[in-house]
Amino acid sequence: MSAAPRVIRTKNFVADAAALILEQARKAVTEHSEFRIALSGGNTPAPIYARVAMEAYDFPWQSVLFTFGDERCVPPDDPQSNFRMARQNLFVPAAVPGKSIMRMRGEIDPQIAAQDYERQLDAIATSRGEPIYQHDLILLGLGDDGHTASLFPETAALDEMARRVVANFVPKLNAWRLTFTFPLINHARHVLFLVGASKHPELIERVLARDRQFPAARVNPVAGEVTWMIEE
């Protein structure tokens, strides 16, 4: 079992989260000439992405590879699209080159989209002599039911031990989602949970105590670290 997560409680949530992301980015580029980050969706990260774009106008974005921890099964211009949110808040304002962005194709058949994304990640890993694609930083959120990425309670993807990216049917939403699985998430160098002030304190405590009924509690990188940034 890896070390206990680092917990940062802050009133300057957006600024502190952006600063931590950029610190990790600079460190990765210095150490191995590239920064691999997986973005999360939802409302919480949007202002953080905007802050990163504002503060890192001179960052070498060509040395960054953006992936997505999950995606809704919608076209890229749909208001529900995680890609659209990232594009509006980060990619366009920061002028991130297209080749630095790996989009999950939410508009095609979910099974094919998941296989396609996994194949792209595997190809990069293989070309670098890695057994599995390793992120420098994976950003995750926390749902009110304890889900993270699109790993919802009582869904099939929770038990996936081989695949890195899957299509996961979520009965309570009556919808398919594309999502990273635990084998990929738990191979990251660093995982950062971004948790807004509206989240119930008891839920956070139970996840931090590794109550496995909550999918987020099963994020436990083999040789990486976990940071929780919680807005006060």
# chains A, B, ... in the order shown; residues from 1 in each chain; ligands from 1

$ closest_atom_pairs --of "range 42-109 of chain A" --to "range 170-183 of chain A" --cutoff "8 Å" --atoms "only C-alpha atoms" --output "Markdown table"
| residue | atom | partner | partner_atom | distance |
| --- | --- | --- | --- | --- |
| A:Gly69 | CA | A:Phe180 | CA | 5.3 |
| A:Asp70 | CA | A:Thr179 | CA | 4.1 |
| A:Glu71 | CA | A:Leu178 | CA | 5.1 |
| A:Arg72 | CA | A:Arg177 | CA | 5.1 |
| A:Cys73 | CA | A:Arg177 | CA | 5.8 |
| A:Met104 | CA | A:Leu178 | CA | 7.6 |
| A:Gly106 | CA | A:Leu178 | CA | 7.4 |

$ closest_atom_pairs --of "range 88-114 of chain A" --to "range 31-36 of chain A" --cutoff "12 Å" --atoms "only C-alpha atoms" --output "JSON lines"
{"residue": "A:Ser100", "atom": "CA", "partner": "A:Arg36", "partner_atom": "CA", "distance": 9.5}
{"residue": "A:Ile101", "atom": "CA", "partner": "A:Arg36", "partner_atom": "CA", "distance": 10.3}
{"residue": "A:Met102", "atom": "CA", "partner": "A:Arg36", "partner_atom": "CA", "distance": 10.7}

$ closest_residue --among "A:Phe169, A:Phe91, A:Phe214, A:Phe83" --to "Gly146 in chain A" --atoms "only C-alpha atoms"
A:Phe214

$ closest_residue --among "A:Leu90, A:Ala95, A:Ala17, A:Leu158" --to "Tyr49 in chain A" --atoms "only C-alpha atoms"
A:Leu90

$ residues_around --residues "range 191-200 of chain A" --least-positions-apart "6" --cutoff "6 Å" --atoms "only C-alpha atoms" --output "count of residues only"
12

$ closest_residue --among "A:Val165, A:Leu39, A:Val52, A:Ala157" --to "Arg84 in chain A" --atoms "only C-alpha atoms"
A:Leu39

$ closest_residue --among "A:Arg26, A:Ala86, A:Leu184, A:Ile8" --to "Ala125 in chain A" --atoms "only C-alpha atoms"
A:Leu184

$ atom_distance --atom1 "CA of Ser40 in chain A" --atom2 "CA of Ile108 in chain A"
20.1 Å

$ select_by_dssp --residues "range 48-219 of chain A" --states "strand (DSSP E or B)" --output "PyMOL selection string"
chain A and resi 64-68+70-72+101+137-140+148+151+165-170+175-180+190-195
